[in-house]
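Take a look at the structure set out below.
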Amino acid sequence: MTGAGAAGAARRLGPVVRLAPAKINLTLAVVGRRPDGFHDLHSVFVPLSLADRLSLAPGPPTGVDSLHVDGPDTGPREDDLVLRAIAAARAAVGTGPGRPATPPLAARLEKRIPVGAGLGGGSSDAAATLDGALEAWSAELPAAARLRAATSLGSDVPFFLAGGPALVEGRGERVTPLAGLRGDPEPPGVLLVTPAVHVATPDVFAVFAATRTQGDGSVRTTSAHLAEELRAGLSARDLVARAAVLAAANDLLASTALVVPALVPFRRALARVLGRPIGMSGSGPTLWALYRTVADADAAADAVRAAVAEGAIEALGDGPPGVAASAILTGPASTPGRQP
Ligand code: C5P
C-alpha cells in the first residue's frame with residue numbers, strides 16, 4: 001500500500017466500509033487434540049455472498065470505541081468481536097514515535113448472517129474490523145502481526161482475513177488459498193437452513209474430546225482430496241457431483257447430534273424434502289445443500305419454507321428455521337471484503 005499516508009487522509013473523509021461474508025465448511029476433519037486444548041483441523045472453507053456490512057467512522061476524539069448493531073441480537077456489546085477486533089488492532093499497531101495514531105472508531109454493523117450458527121459471522125466481522133481499522137488509521141502491520149491479532153480473536157478469523165476458498169489447518173491459523181473453484185458461467189449456489197437452536201462450539205468440541213466420536217479417518221481423506229481438486233480446478237457441476245461425500249465429511253456431526261439430538265430427524269426430514277445430501281457447517285446447527293446455481297438454491301429455499309409451513313419438516317427450538325439461498329464466492333477479492 002504505497003502512499004498510504006496520502007490515500008489514508010483522503011479515505012478518512014468517509015467511513016471505511018467492508019462486507020464480511022459468511023462461510024460454510026465443505027469438509028471438516030478433526031485430526032487431533034493440541035496441547036493448548038484446541039483441536040487440529042483439516043477443513044475446506046468457502047466464503048458466501050451472504051454477508052454482514054460493517055462501517056467504521058472516526059469516533060469522538062476524546063471518546064471510546066462504539067458499536068451500533070442493526071439486525072439480530074449479537075449478545076452483550078462489550079463482548080462483541082467488533083470492539084475486541086478494534087482493540088486488538090490498536091494494540092498491534094502500538095504507540096510511540098513513528099506509530100500512526102489510533103483514535104476511537106464508531107462502528108456500525110448491519111447483521112445479516114445468523115448468529116451462533118456455524119456460519120462464521122462473528123469471526124468474519126472481526127476480520128473485516130481488523131482490516132478496516134488499520135485502513136481507517138492508515139496503519140500497516142506485517143502479515144505475521146495481522147495473523148497473530150486475527151488468531152487471538154478466534155480460530156476462524158485468519159480464514160476471513162485471507163479471503164476466498166481455502167484449506168484451513170492447525171487451529172485455524174494455517175490458511176492456504178484454493179483458487180480453483182470456478183464460477184463460470186455462474187457461481188455454485190448453496191441453501192442454508194439454520195434451526196432456531198443455539199449450539200455452543202466449545203460444547204461440541206468438549207463432547208468430541210470426551211467421546212472421540214470421530215470416524216475412521218475417511219473425512220480427512222475426503223478433505224485432502226477436495227483441497228487437491230480445488231487447487232487444480234473444479235466447476236460448480238463437479239462440486240455438486242461430490243455433494244454426497246462432502247455432506248458426510250464433517251467429524252463434528254456425531255458430537256453436534258449428541259448436543260442437539262433433534263438435529264438428526266430434522267436433517268433427515270430436510271434430505272427427504274429436497275432429495276439431496278445435507279451437510280453441516282462447522283459445529284452447526286446450520287445445514288447446507290449444494291446447487292449448480294443460486295436460482296436452484298432459491299427454489300429449494302421456497303420448498304423448505306413450504307415444507308415447514310405444512311409440518312413436513314418439524315421446526316426445532318424456538319421457532320421456524322432460518323432459510324436462505326446464497327452464492328459460493330469462487331475467488332479471492334483483490335482486497336477481501338473491500339467495498340469500492
Ligand atoms: O477459537 P474459537 O473461539 O472460535 O473457538 C471456540 C471453541 O471451540 C474453543 O474454545 C475450543 O473449545 C473449540 N475449538 C477447538 N479447536 C479448534 C477451534 C475451536 O477445540 N480448532
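Residue numbering restarts at 1 in every chain; chains get A, B, ... in the order shown in the C-alpha cells, and ligands count up from 1 in that same order.
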
Test item: residues at most 7 Å from Ile86 of chain A, only C-alpha atoms, excluding those fewer than 5 positions along its chain, as a PyMOL selection string: chain A and resi 129-130+133

Using only C-alpha atoms and all ligand atoms, what table do you get, as JSON lines, when you list each residue of chain A with an atom no more than 8 Å from ligand 1, its nearest pair of atoms, and their distance in Å rounded to one decimal, rows by chain then rising number?
```
{"residue": "A:Arg33", "atom": "CA", "partner": "ligand 1", "partner_atom_place_in_ligand_line": "20 (O)", "distance": 7.5}
{"residue": "A:Gly37", "atom": "CA", "partner": "ligand 1", "partner_atom_place_in_ligand_line": "20 (O)", "distance": 6.2}
{"residue": "A:Phe38", "atom": "CA", "partner": "ligand 1", "partner_atom_place_in_ligand_line": "20 (O)", "distance": 3.5}
{"residue": "A:His39", "atom": "CA", "partner": "ligand 1", "partner_atom_place_in_ligand_line": "16 (N)", "distance": 3.7}
{"residue": "A:Asp40", "atom": "CA", "partner": "ligand 1", "partner_atom_place_in_ligand_line": "21 (N)", "distance": 5.4}
{"residue": "A:Leu41", "atom": "CA", "partner": "ligand 1", "partner_atom_place_in_ligand_line": "21 (N)", "distance": 5.8}
{"residue": "A:Ser123", "atom": "CA", "partner": "ligand 1", "partner_atom_place_in_ligand_line": "4 (O)", "distance": 7.6}
{"residue": "A:Thr151", "atom": "CA", "partner": "ligand 1", "partner_atom_place_in_ligand_line": "1 (O)", "distance": 7.6}
{"residue": "A:Ser152", "atom": "CA", "partner": "ligand 1", "partner_atom_place_in_ligand_line": "1 (O)", "distance": 8.0}
{"residue": "A:Leu153", "atom": "CA", "partner": "ligand 1", "partner_atom_place_in_ligand_line": "3 (O)", "distance": 7.1}
{"residue": "A:Gly154", "atom": "CA", "partner": "ligand 1", "partner_atom_place_in_ligand_line": "1 (O)", "distance": 3.7}
{"residue": "A:Ser155", "atom": "CA", "partner": "ligand 1", "partner_atom_place_in_ligand_line": "1 (O)", "distance": 3.7}
{"residue": "A:Asp156", "atom": "CA", "partner": "ligand 1", "partner_atom_place_in_ligand_line": "4 (O)", "distance": 5.9}
{"residue": "A:Gly170", "atom": "CA", "partner": "ligand 1", "partner_atom_place_in_ligand_line": "21 (N)", "distance": 6.7}
{"residue": "A:Arg171", "atom": "CA", "partner": "ligand 1", "partner_atom_place_in_ligand_line": "21 (N)", "distance": 3.7}
{"residue": "A:Gly172", "atom": "CA", "partner": "ligand 1", "partner_atom_place_in_ligand_line": "21 (N)", "distance": 5.7}
{"residue": "A:Thr201", "atom": "CA", "partner": "ligand 1", "partner_atom_place_in_ligand_line": "8 (O)", "distance": 4.9}
{"residue": "A:Pro202", "atom": "CA", "partner": "ligand 1", "partner_atom_place_in_ligand_line": "12 (O)", "distance": 3.8}
{"residue": "A:Asp203", "atom": "CA", "partner": "ligand 1", "partner_atom_place_in_ligand_line": "12 (O)", "distance": 7.2}
{"residue": "A:Val204", "atom": "CA", "partner": "ligand 1", "partner_atom_place_in_ligand_line": "8 (O)", "distance": 7.7}
{"residue": "A:Phe205", "atom": "CA", "partner": "ligand 1", "partner_atom_place_in_ligand_line": "20 (O)", "distance": 5.3}
{"residue": "A:Ala206", "atom": "CA", "partner": "ligand 1", "partner_atom_place_in_ligand_line": "12 (O)", "distance": 6.6}
```

What is the atom CA of Gly94 of chain A-atom CA of Leu141 of chain A distance in Å, reported with one decimal? 10.3 Å

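Using only C-alpha atoms for every distance, the candidate list A:Ala85, A:Val260, A:Val240, A:Leu181 yields A:Ala85 as the residue closest to Asp131 of chain A.
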
Pick from A:Pro285, A:Gly189, A:Pro332, A:Pro265: nearest to Ala297 of chain A, with only C-alpha atoms counted?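 Counting only C-alpha atoms, the residue closest to Ala297 of chain A is A:Gly189.
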
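When atom CA of Thr62 of chain A is paired with atom CA of Leu105 of chain A, their separation reads 10.8 Å.
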
Using DSSP secondary structure from the backbone, list all helix (DSSP H, G or I) positions within segment 149-285 of chain A, as a ChimeraX atom specification. /A:149-153,157-162,201-211,218-232,236-241,243-247,253-259,263-274

Contacts of segment 182-187 of chain A within 8 Å, only C-alpha atoms, excl. fewer than 3 positions in-chain, as an mmCIF file with N, CA, C and O atoms, in the first residue's frame:
```cif
data_model
loop_
_atom_site.group_PDB
_atom_site.id
_atom_site.type_symbol
_atom_site.label_atom_id
_atom_site.label_comp_id
_atom_site.auth_asym_id
_atom_site.auth_seq_id
_atom_site.Cartn_x
_atom_site.Cartn_y
_atom_site.Cartn_z
ATOM 1 N N GLY A 233 -8.760 -27.152 -9.987
ATOM 2 C CA GLY A 233 -9.850 -26.583 -10.773
ATOM 3 C C GLY A 233 -11.093 -27.444 -10.705
ATOM 4 O O GLY A 233 -11.050 -28.637 -11.022
ATOM 5 N N LEU A 234 -12.193 -26.844 -10.275
ATOM 6 C CA LEU A 234 -13.446 -27.574 -10.107
ATOM 7 C C LEU A 234 -14.593 -26.645 -10.494
ATOM 8 O O LEU A 234 -14.650 -25.503 -10.025
ATOM 9 N N SER A 235 -15.500 -27.134 -11.335
ATOM 10 C CA SER A 235 -16.662 -26.323 -11.722
ATOM 11 C C SER A 235 -17.779 -26.526 -10.706
ATOM 12 O O SER A 235 -17.726 -27.442 -9.875
ATOM 13 N N ALA A 236 -18.829 -25.691 -10.809
ATOM 14 C CA ALA A 236 -19.997 -25.845 -9.939
ATOM 15 C C ALA A 236 -20.587 -27.238 -10.129
ATOM 16 O O ALA A 236 -20.974 -27.906 -9.166
ATOM 17 N N ARG A 292 -26.266 -26.145 -8.435
ATOM 18 C CA ARG A 292 -25.477 -25.627 -9.558
ATOM 19 C C ARG A 292 -25.535 -24.102 -9.613
ATOM 20 O O ARG A 292 -24.554 -23.453 -9.985
ATOM 21 N N THR A 293 -26.701 -23.534 -9.281
ATOM 22 C CA THR A 293 -26.869 -22.082 -9.375
ATOM 23 C C THR A 293 -27.604 -21.561 -8.143
ATOM 24 O O THR A 293 -28.265 -22.327 -7.421
ATOM 25 N N VAL A 294 -27.527 -20.255 -7.944
ATOM 26 C CA VAL A 294 -28.257 -19.636 -6.831
ATOM 27 C C VAL A 294 -29.764 -19.735 -7.074
ATOM 28 O O VAL A 294 -30.550 -19.905 -6.136
ATOM 29 N N ALA A 327 -24.757 -17.538 -2.792
ATOM 30 C CA ALA A 327 -23.761 -17.997 -3.764
ATOM 31 C C ALA A 327 -22.476 -18.335 -3.032
ATOM 32 O O ALA A 327 -22.140 -17.692 -2.027
ATOM 33 N N ILE A 328 -21.757 -19.314 -3.540
ATOM 34 C CA ILE A 328 -20.407 -19.577 -3.042
ATOM 35 C C ILE A 328 -19.467 -18.659 -3.804
ATOM 36 O O ILE A 328 -19.474 -18.635 -5.043
ATOM 37 N N LEU A 329 -18.689 -17.868 -3.090
ATOM 38 C CA LEU A 329 -17.736 -16.969 -3.743
ATOM 39 C C LEU A 329 -16.550 -17.810 -4.203
ATOM 40 O O LEU A 329 -15.941 -18.524 -3.405
ATOM 41 N N THR A 330 -16.240 -17.704 -5.481
ATOM 42 C CA THR A 330 -15.291 -18.663 -6.048
ATOM 43 C C THR A 330 -13.841 -18.200 -6.027
ATOM 44 O O THR A 330 -12.944 -18.993 -6.226
ATOM 45 N N GLY A 331 -13.616 -16.923 -5.829
ATOM 46 C CA GLY A 331 -12.231 -16.461 -5.852
ATOM 47 C C GLY A 331 -12.022 -15.368 -4.828
ATOM 48 O O GLY A 331 -12.990 -14.805 -4.308
#
```
